[in-house]
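Enquirer: The file below is work29.pdb, PDB, C-alpha atoms:
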```pdb
ATOM      1  CA  THR A   1     108.947 107.550  95.552
ATOM      2  CA  VAL A   2     109.417 111.150  94.389
ATOM      3  CA  GLY A   3     112.925 112.576  94.321
ATOM      4  CA  SER A   4     114.132 116.169  94.398
ATOM      5  CA  ASP A   5     115.012 115.671  90.714
ATOM      6  CA  ALA A   6     111.250 115.445  89.967
ATOM      7  CA  VAL A   7     111.565 111.760  88.971
ATOM      8  CA  ILE A   8     108.720 109.501  90.122
ATOM      9  CA  LYS A   9     109.889 105.905  90.641
ATOM     10  CA  VAL A  10     107.865 102.759  91.306
ATOM     11  CA  TRP A  11     109.587  99.799  92.952
ATOM     12  CA  THR A  12     108.726  96.168  93.604
ATOM     13  CA  VAL A  13     109.538  94.847  97.072
ATOM     14  CA  GLY A  14     110.937  91.322  97.446
ATOM     15  CA  ASN A  15     110.342  88.882 100.293
ATOM     16  CA  GLU A  16     113.596  89.973 101.916
ATOM     17  CA  GLY A  17     112.757  93.648 101.606
ATOM     18  CA  ASP A  18     114.975  94.127  98.556
ATOM     19  CA  LEU A  19     113.881  96.779  96.045
ATOM     20  CA  SER A  20     113.792  96.475  92.274
ATOM     21  CA  LEU A  21     112.981  99.441  90.027
ATOM     22  CA  LEU A  22     109.820  98.724  88.003
ATOM     23  CA  ALA A  23     109.274 102.022  86.172
ATOM     24  CA  GLU A  24     110.101 105.709  86.371
ATOM     25  CA  MET A  25     108.734 108.949  84.952
ATOM     26  CA  THR A  26     110.127 112.478  84.957
ATOM     27  CA  SER A  27     107.553 114.923  86.219
ATOM     28  CA  ASP A  28     106.793 118.097  84.276
ATOM     29  CA  PHE A  29     105.915 119.773  87.553
ATOM     30  CA  PRO A  30     108.824 121.882  88.881
ATOM     31  CA  ILE A  31     107.987 121.367  92.550
ATOM     32  CA  PHE A  32     106.711 118.655  94.869
ATOM     33  CA  SER A  33     104.505 115.955  93.284
ATOM     34  CA  TYR A  34     102.166 114.011  95.576
ATOM     35  CA  VAL A  35     101.617 110.353  94.646
ATOM     36  CA  THR A  36      99.625 107.479  96.131
ATOM     37  CA  PHE A  37      98.457 104.059  94.926
ATOM     38  CA  ALA A  38      94.912 102.745  94.667
ATOM     39  CA  PRO A  39      94.196 100.094  97.328
ATOM     40  CA  HIS A  40      93.772  97.006  95.101
ATOM     41  CA  ASP A  41      95.610  97.514  91.825
ATOM     42  CA  ASN A  42      98.512  99.253  90.118
ATOM     43  CA  ARG A  43      96.813 102.595  89.457
ATOM     44  CA  LEU A  44      98.739 105.584  90.741
ATOM     45  CA  VAL A  45      97.323 109.074  91.281
ATOM     46  CA  VAL A  46      99.788 111.917  90.733
ATOM     47  CA  ALA A  47      99.137 115.523  91.784
ATOM     48  CA  GLN A  48     101.014 117.976  89.575
ATOM     49  CA  ASP A  49      99.517 120.883  87.629
ATOM     50  CA  SER A  50      96.563 118.508  87.232
ATOM     51  CA  LEU A  51      95.370 115.352  88.972
ATOM     52  CA  SER A  52      96.247 112.287  86.866
ATOM     53  CA  ILE A  53      95.603 108.554  87.169
ATOM     54  CA  TYR A  54      98.281 106.272  85.696
ATOM     55  CA  GLU A  55      98.503 102.518  85.317
ATOM     56  CA  VAL A  56     102.025 101.394  86.158
ATOM     57  CA  ASP A  57     103.768  98.204  85.018
ATOM     58  CA  GLU A  58     107.139  97.137  83.620
ATOM     59  CA  THR A  59     106.382  99.002  80.379
ATOM     60  CA  GLY A  60     106.076 102.328  82.200
ATOM     61  CA  PHE A  61     103.331 104.817  83.077
ATOM     62  CA  THR A  62     100.093 104.779  81.046
ATOM     63  CA  LEU A  63      97.781 107.779  81.525
ATOM     64  CA  LEU A  64      94.192 106.638  82.170
ATOM     65  CA  GLN A  65      92.421 109.887  83.020
ATOM     66  CA  SER A  66      93.172 113.402  84.160
ATOM     67  CA  LEU A  67      91.372 116.181  86.007
ATOM     68  CA  ALA A  68      92.231 119.868  85.623
ATOM     69  CA  VAL A  69      92.409 121.874  88.867
ATOM     70  CA  GLU A  70      91.974 125.578  89.456
ATOM     71  CA  SER A  71      95.507 126.199  90.669
ATOM     72  CA  PRO A  72      98.674 124.087  90.966
ATOM     73  CA  PHE A  73      99.062 121.671  93.824
ATOM     74  CA  ASN A  74     101.701 122.205  96.462
ATOM     75  CA  ALA A  75     103.054 120.218  99.380
ATOM     76  CA  TRP A  76     100.431 121.637 101.749
ATOM     77  CA  ASP A  77      97.135 121.179  99.950
ATOM     78  CA  ALA A  78      97.911 118.118  97.816
ATOM     79  CA  ASN A  79      96.485 115.652 100.330
ATOM     80  CA  ILE A  80      95.311 112.852  98.061
ATOM     81  CA  SER A  81      93.487 109.764  99.286
ATOM     82  CA  PHE A  82      91.682 106.832  97.615
ATOM     83  CA  ASP A  83      88.686 105.252  99.286
ATOM     84  CA  ALA A  84      88.560 101.493  99.893
ATOM     85  CA  SER A  85      86.922 100.795  96.523
ATOM     86  CA  GLY A  86      89.522 102.761  94.560
ATOM     87  CA  ASP A  87      86.734 104.641  92.751
ATOM     88  CA  PHE A  88      86.702 107.859  94.809
ATOM     89  CA  VAL A  89      89.710 110.180  95.192
ATOM     90  CA  PHE A  90      89.755 112.915  97.822
ATOM     91  CA  PHE A  91      91.921 115.958  97.117
ATOM     92  CA  GLY A  92      92.429 119.555  98.144
ATOM     93  CA  ALA A  93      93.181 122.195  95.505
ATOM     94  CA  GLY A  94      92.338 125.703  94.427
ATOM     95  CA  SER A  95      92.783 129.184  95.851
ATOM     96  CA  PRO A  96      91.545 129.249  98.508
ATOM     97  CA  PRO A  97      91.900 125.452  98.663
ATOM     98  CA  GLN A  98      88.738 123.399  98.398
ATOM     99  CA  GLN A  99      88.160 119.881  99.663
ATOM    100  CA  GLN A 100      86.816 117.827  96.774
ATOM    101  CA  ILE A 101      86.016 114.248  95.779
ATOM    102  CA  TRP A 102      86.642 112.936  92.260
ATOM    103  CA  HIS A 103      84.434 109.984  91.240
ATOM    104  CA  LEU A 104      86.534 108.140  88.675
ATOM    105  CA  SER A 105      83.777 106.007  87.131
ATOM    106  CA  THR A 106      81.670 109.021  86.150
ATOM    107  CA  ASP A 107      84.530 111.552  85.971
ATOM    108  CA  THR A 108      82.550 113.938  88.186
ATOM    109  CA  THR A 109      83.628 115.988  91.204
ATOM    110  CA  LEU A 110      81.908 117.188  94.359
ATOM    111  CA  THR A 111      83.099 120.016  96.612
ATOM    112  CA  LEU A 112      82.872 119.231 100.320
ATOM    113  CA  ALA A 113      83.937 122.454 102.026
ATOM    114  CA  VAL A 114      85.815 125.671 101.397
ATOM    115  CA  ALA A 115      88.596 126.636 103.763
ATOM    116  CA  SER A 116      88.822 130.105 105.252
ATOM    117  CA  GLU A 117      90.911 132.575 103.303
ATOM    118  CA  ALA A 118      93.956 132.358 105.550
ATOM    119  CA  GLU A 119      97.316 133.663 104.393
ATOM    120  CA  ASN A 120      98.727 130.113 104.361
ATOM    121  CA  PRO A 121      95.688 127.819 104.114
ATOM    122  CA  PHE A 122      96.181 124.206 105.165
ATOM    123  CA  LEU A 123      93.534 121.503 104.862
ATOM    124  CA  GLY A 124      95.218 118.679 106.712
ATOM    125  CA  SER A 125      95.392 115.055 105.624
ATOM    126  CA  PRO A 126      92.030 113.337 105.009
ATOM    127  CA  ALA A 127      91.308 109.807 106.134
ATOM    128  CA  TYR A 128      88.885 107.114 104.990
ATOM    129  CA  SER A 129      87.575 104.320 107.186
ATOM    130  CA  PRO A 130      88.691 100.825 106.071
ATOM    131  CA  ASP A 131      85.246 100.072 104.617
ATOM    132  CA  GLY A 132      85.228 103.370 102.708
ATOM    133  CA  GLU A 133      81.948 104.475 104.303
ATOM    134  CA  LEU A 134      83.358 107.317 106.406
ATOM    135  CA  LEU A 135      85.578 110.220 105.360
ATOM    136  CA  ALA A 136      87.142 112.530 107.955
ATOM    137  CA  THR A 137      88.424 115.947 106.880
ATOM    138  CA  LEU A 138      89.750 119.038 108.627
ATOM    139  CA  ASN A 139      88.931 122.523 107.468
ATOM    140  CA  ASP A 140      91.319 125.472 107.700
ATOM    141  CA  ASP A 141      89.293 126.907 110.591
ATOM    142  CA  LYS A 142      90.258 123.803 112.607
ATOM    143  CA  THR A 143      86.861 122.139 112.270
ATOM    144  CA  LEU A 144      86.550 118.357 111.986
ATOM    145  CA  PHE A 145      84.034 117.130 109.392
ATOM    146  CA  LEU A 146      82.722 113.569 109.101
ATOM    147  CA  TRP A 147      81.110 112.490 105.817
ATOM    148  CA  SER A 148      79.287 109.443 104.521
ATOM    149  CA  VAL A 149      80.349 109.005 100.887
ATOM    150  CA  HIS A 150      78.279 106.743  98.651
ATOM    151  CA  GLN A 151      77.083 106.363  95.100
ATOM    152  CA  VAL A 152      73.429 107.234  94.497
ATOM    153  CA  THR A 153      72.999 106.379  90.815
ATOM    154  CA  ASP A 154      75.335 105.437  87.987
ATOM    155  CA  GLN A 155      75.912 109.139  87.373
ATOM    156  CA  SER A 156      75.790 110.712  90.831
ATOM    157  CA  PHE A 157      77.112 110.364  94.357
ATOM    158  CA  LEU A 158      76.687 112.142  97.668
ATOM    159  CA  ALA A 159      78.857 113.176 100.595
ATOM    160  CA  GLU A 160      76.475 113.597 103.503
ATOM    161  CA  GLU A 161      77.644 115.204 106.723
ATOM    162  CA  ILE A 162      76.844 112.746 109.499
ATOM    163  CA  ALA A 163      77.995 114.621 112.589
ATOM    164  CA  SER A 164      77.925 118.099 114.042
ATOM    165  CA  ASP A 165      80.881 120.350 113.248
ATOM    166  CA  THR A 166      83.564 119.664 115.823
ATOM    167  CA  PRO A 167      85.842 122.645 116.539
ATOM    168  CA  VAL A 168      89.390 121.712 117.504
ATOM    169  CA  SER A 169      92.482 123.790 118.192
ATOM    170  CA  GLY A 170      95.942 123.728 116.722
ATOM    171  CA  SER A 171      97.268 122.639 113.333
ATOM    172  CA  PHE A 172      96.786 118.998 112.374
ATOM    173  CA  LEU A 173      99.183 116.855 110.362
ATOM    174  CA  GLN A 174      97.646 113.396 110.105
ATOM    175  CA  MET A 175      94.371 111.552 110.603
ATOM    176  CA  ALA A 176      93.287 107.917 110.612
ATOM    177  CA  VAL A 177      89.920 106.141 110.922
ATOM    178  CA  SER A 178      89.495 102.712 112.495
ATOM    179  CA  SER A 179      87.216  99.850 111.446
ATOM    180  CA  GLN A 180      85.087 100.864 114.455
ATOM    181  CA  ASN A 181      84.802 104.437 113.109
ATOM    182  CA  ILE A 182      87.081 106.013 115.695
ATOM    183  CA  VAL A 183      88.857 109.037 114.226
ATOM    184  CA  ALA A 184      92.418 109.826 115.366
ATOM    185  CA  ALA A 185      93.894 113.252 114.593
ATOM    186  CA  ALA A 186      97.459 114.335 115.387
ATOM    187  CA  GLN A 187      98.547 117.934 115.972
ATOM    188  CA  LEU A 188     101.851 119.687 115.349
ATOM    189  CA  ASP A 189     102.488 120.000 119.101
ATOM    190  CA  GLY A 190     102.316 116.218 119.543
ATOM    191  CA  THR A 191      98.722 116.077 120.769
ATOM    192  CA  VAL A 192      96.663 113.126 119.496
ATOM    193  CA  MET A 193      92.866 113.343 119.755
ATOM    194  CA  LEU A 194      90.331 110.517 119.334
ATOM    195  CA  PHE A 195      86.774 111.227 118.152
ATOM    196  CA  ASP A 196      83.611 109.165 117.868
ATOM    197  CA  GLY A 197      82.938 108.860 114.133
ATOM    198  CA  SER A 198      79.177 108.579 114.705
ATOM    199  CA  SER A 199      78.724 111.794 116.677
ATOM    200  CA  GLY A 200      81.946 113.792 116.325
ATOM    201  CA  GLU A 201      82.354 113.766 120.119
ATOM    202  CA  MET A 202      85.952 113.895 121.356
ATOM    203  CA  LEU A 203      86.716 110.799 123.451
ATOM    204  CA  ILE A 204      90.265 111.354 124.704
ATOM    205  CA  ASP A 205      93.425 113.329 124.000
ATOM    206  CA  PHE A 206      97.055 112.781 124.940
ATOM    207  CA  ASN A 207     100.490 114.095 123.993
ATOM    208  CA  LEU A 208     102.959 111.889 122.152
ATOM    209  CA  GLY A 209     105.962 113.984 123.206
ATOM    210  CA  ALA A 210     107.103 114.090 119.576
ATOM    211  CA  LEU A 211     105.984 115.464 116.225
ATOM    212  CA  PRO A 212     103.453 112.935 114.824
ATOM    213  CA  ASN A 213     104.406 111.793 111.343
ATOM    214  CA  LYS A 214     102.016 108.906 110.648
ATOM    215  CA  LEU A 215      98.930 107.365 112.250
ATOM    216  CA  THR A 216      97.401 103.987 111.456
ATOM    217  CA  PHE A 217      94.967 101.638 113.177
ATOM    218  CA  THR A 218      95.347  97.857 113.271
ATOM    219  CA  PRO A 219      92.741  96.070 111.082
ATOM    220  CA  ASP A 220      90.572  95.160 114.093
ATOM    221  CA  GLY A 221      90.549  98.783 115.253
ATOM    222  CA  GLU A 222      91.811  97.871 118.727
ATOM    223  CA  MET A 223      95.231  99.523 118.496
ATOM    224  CA  LEU A 224      96.488 102.859 117.178
ATOM    225  CA  ILE A 225     100.094 102.938 115.942
ATOM    226  CA  ILE A 226     101.809 106.328 115.891
ATOM    227  CA  PHE A 227     105.175 107.240 114.408
ATOM    228  CA  GLY A 228     106.766 110.556 115.288
ATOM    229  CA  PHE A 229     110.133 112.190 115.630
ATOM    230  CA  ASP A 230     111.885 114.602 117.980
ATOM    231  CA  SER A 231     115.456 115.796 118.495
ATOM    232  CA  THR A 232     116.592 112.207 119.206
ATOM    233  CA  GLY A 233     115.144 110.788 115.971
ATOM    234  CA  PHE A 234     112.121 108.662 115.112
ATOM    235  CA  ARG A 235     110.013 106.947 117.718
ATOM    236  CA  GLY A 236     106.919 104.763 117.485
TER     237      GLY A 236
END
```
Hey, can you dump this file as structure tokens for me?
Expert:
Amino acid sequence: TVGSDAVIKVWTVGNEGDLSLLAEMTSDFPIFSYVTFAPHDNRLVVAQDSLSIYEVDETGFTLLQSLAVESPFNAWDANISFDASGDFVFFGAGSPPQQQIWHLSTDTTLTLAVASEAENPFLGSPAYSPDGELLATLNDDKTLFLWSVHQVTDQSFLAEEIASDTPVSGSFLQMAVSSQNIVAAAQLDGTVMLFDGSSGEMLIDFNLGALPNKLTFTPDGEMLIIFGFDSTGFRG
């Protein structure tokens, strides 16, 4: 968790849902810090004035590696996501913001796309498929991109575009990718769109009737769970 006091806290969760504070760190960044865990271990990526990987345990936060960025992160472009292996980190940063992948093993980066120079550029939240083979991103010109991300040699990796550019309308908040490579994208107006991850073709769209806050597929890819909120509160 990240509080308004710029303190990052890591908690353990008991069988009954009880929380116990494991470690905490005061951020040097004066505004919002974006944090997310790696999928299989206790590494935490923190977006501040740089992108940093920490190992977290009862002794505290241990810095493992750090990546300088062109301009500070903020709440809009600091969309950070690990792939399934925990070796690739997607992030958006820069001015104008750029969608990039950081390969931790080789400490190299690859730029995917550059957003249009809008007054308030917004990249949207990226999403990896459960197997880590597919990455879905949204550009600032409201274009959906689908990428196949894989390591080529010990020192290089590629992000190959696997589908035609798919123009969409509206501003997107969240995306999710199923184990069957179906991409779900939720808009600010409550519209949820489903795309074929192999071709980029839109399959169906519907309106949630609320502001979408989080999308996730069940492990088998058969169900999409959506949480949103409206004037009456949260709904799912």
Enquirer: Go through A:Val2, A:Ile8, A:Ala68, A:Ala184 and flag the residue nearest Tyr54 in chain A, using all atoms listed in the file for the distances.
Expert: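 Counting all atoms listed in the file, the residue closest to Tyr54 in chain A is A:Ile8.
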Enquirer: Using CA of Pro219 in chain A and CA of Asp131 in chain A as the two end points, give the distance in Å to one decimal.
Expert: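 Taking CA of Pro219 in chain A as the start and CA of Asp131 in chain A as the end point, the length is 10.7 Å.
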Enquirer: Compare A:Thr26, A:Ser81, A:Asn213, A:Ser129 by their minimum atom-to-atom distance to Phe227 in chain A, counting all atoms listed in the file, and give me the closest one.
Expert: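 Smallest distance to Phe227 in chain A is found for A:Asn213.
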Enquirer: Quick one: pull the distance between CA of Leu21 in chain A and CA of Val56 in chain A, Å, one decimal.
Expert: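 Answer for the CA of Leu21 in chain A to CA of Val56 in chain A separation: 11.8 Å.
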Enquirer: Which residues come within 10 Å of Asp196 in chain A, counting only C-alpha atoms, excluding same-chain residues fewer than 6 positions away, as a ChimeraX atom specification?
Expert: /A:146,163,177,180-184,202-204
Enquirer: Quick one: everything within 10 Å of Gly132 in chain A, counting all atoms listed in the file, minus sequence neighbours fewer than 5 positions away in the same chain. Send it as a list in words.
Expert: Phe82, Asp83, Ala84, Ser85, Gly86, Phe88, Ala127, Ser148, Val149, His150, Val177 and Ser179 of chain A
Enquirer: Write out as a list in words each polymer residue whose atoms come within 9 Å of Ser66 in chain A, counting all atoms listed in the file; drop sequence neighbours fewer than 5 positions from it.
Expert: Ser50, Leu51, Ser52, Ile53 and Tyr54 of chain A
Enquirer: Using the chain letters and numbers from the file, give me the residues hit by the PyMOL selection byres ((chain A and resi 191) around 8), as a list of chain:residue names.
Expert: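 On the file shown, the PyMOL selection byres ((chain A and resi 191) around 8) covers A:Ala186, A:Gln187, A:Leu188, A:Asp189, A:Gly190, A:Val192, A:Met193, A:Asp205, A:Phe206, A:Asn207, A:Leu208, A:Gly209.
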Enquirer: Apply the PyMOL selection byres ((chain A and resi 1) around 12) to the displayed file and report the matching residues as a PyMOL selection string.
Expert: chain A and resi 2-12+19+21-27+32-37+44+46
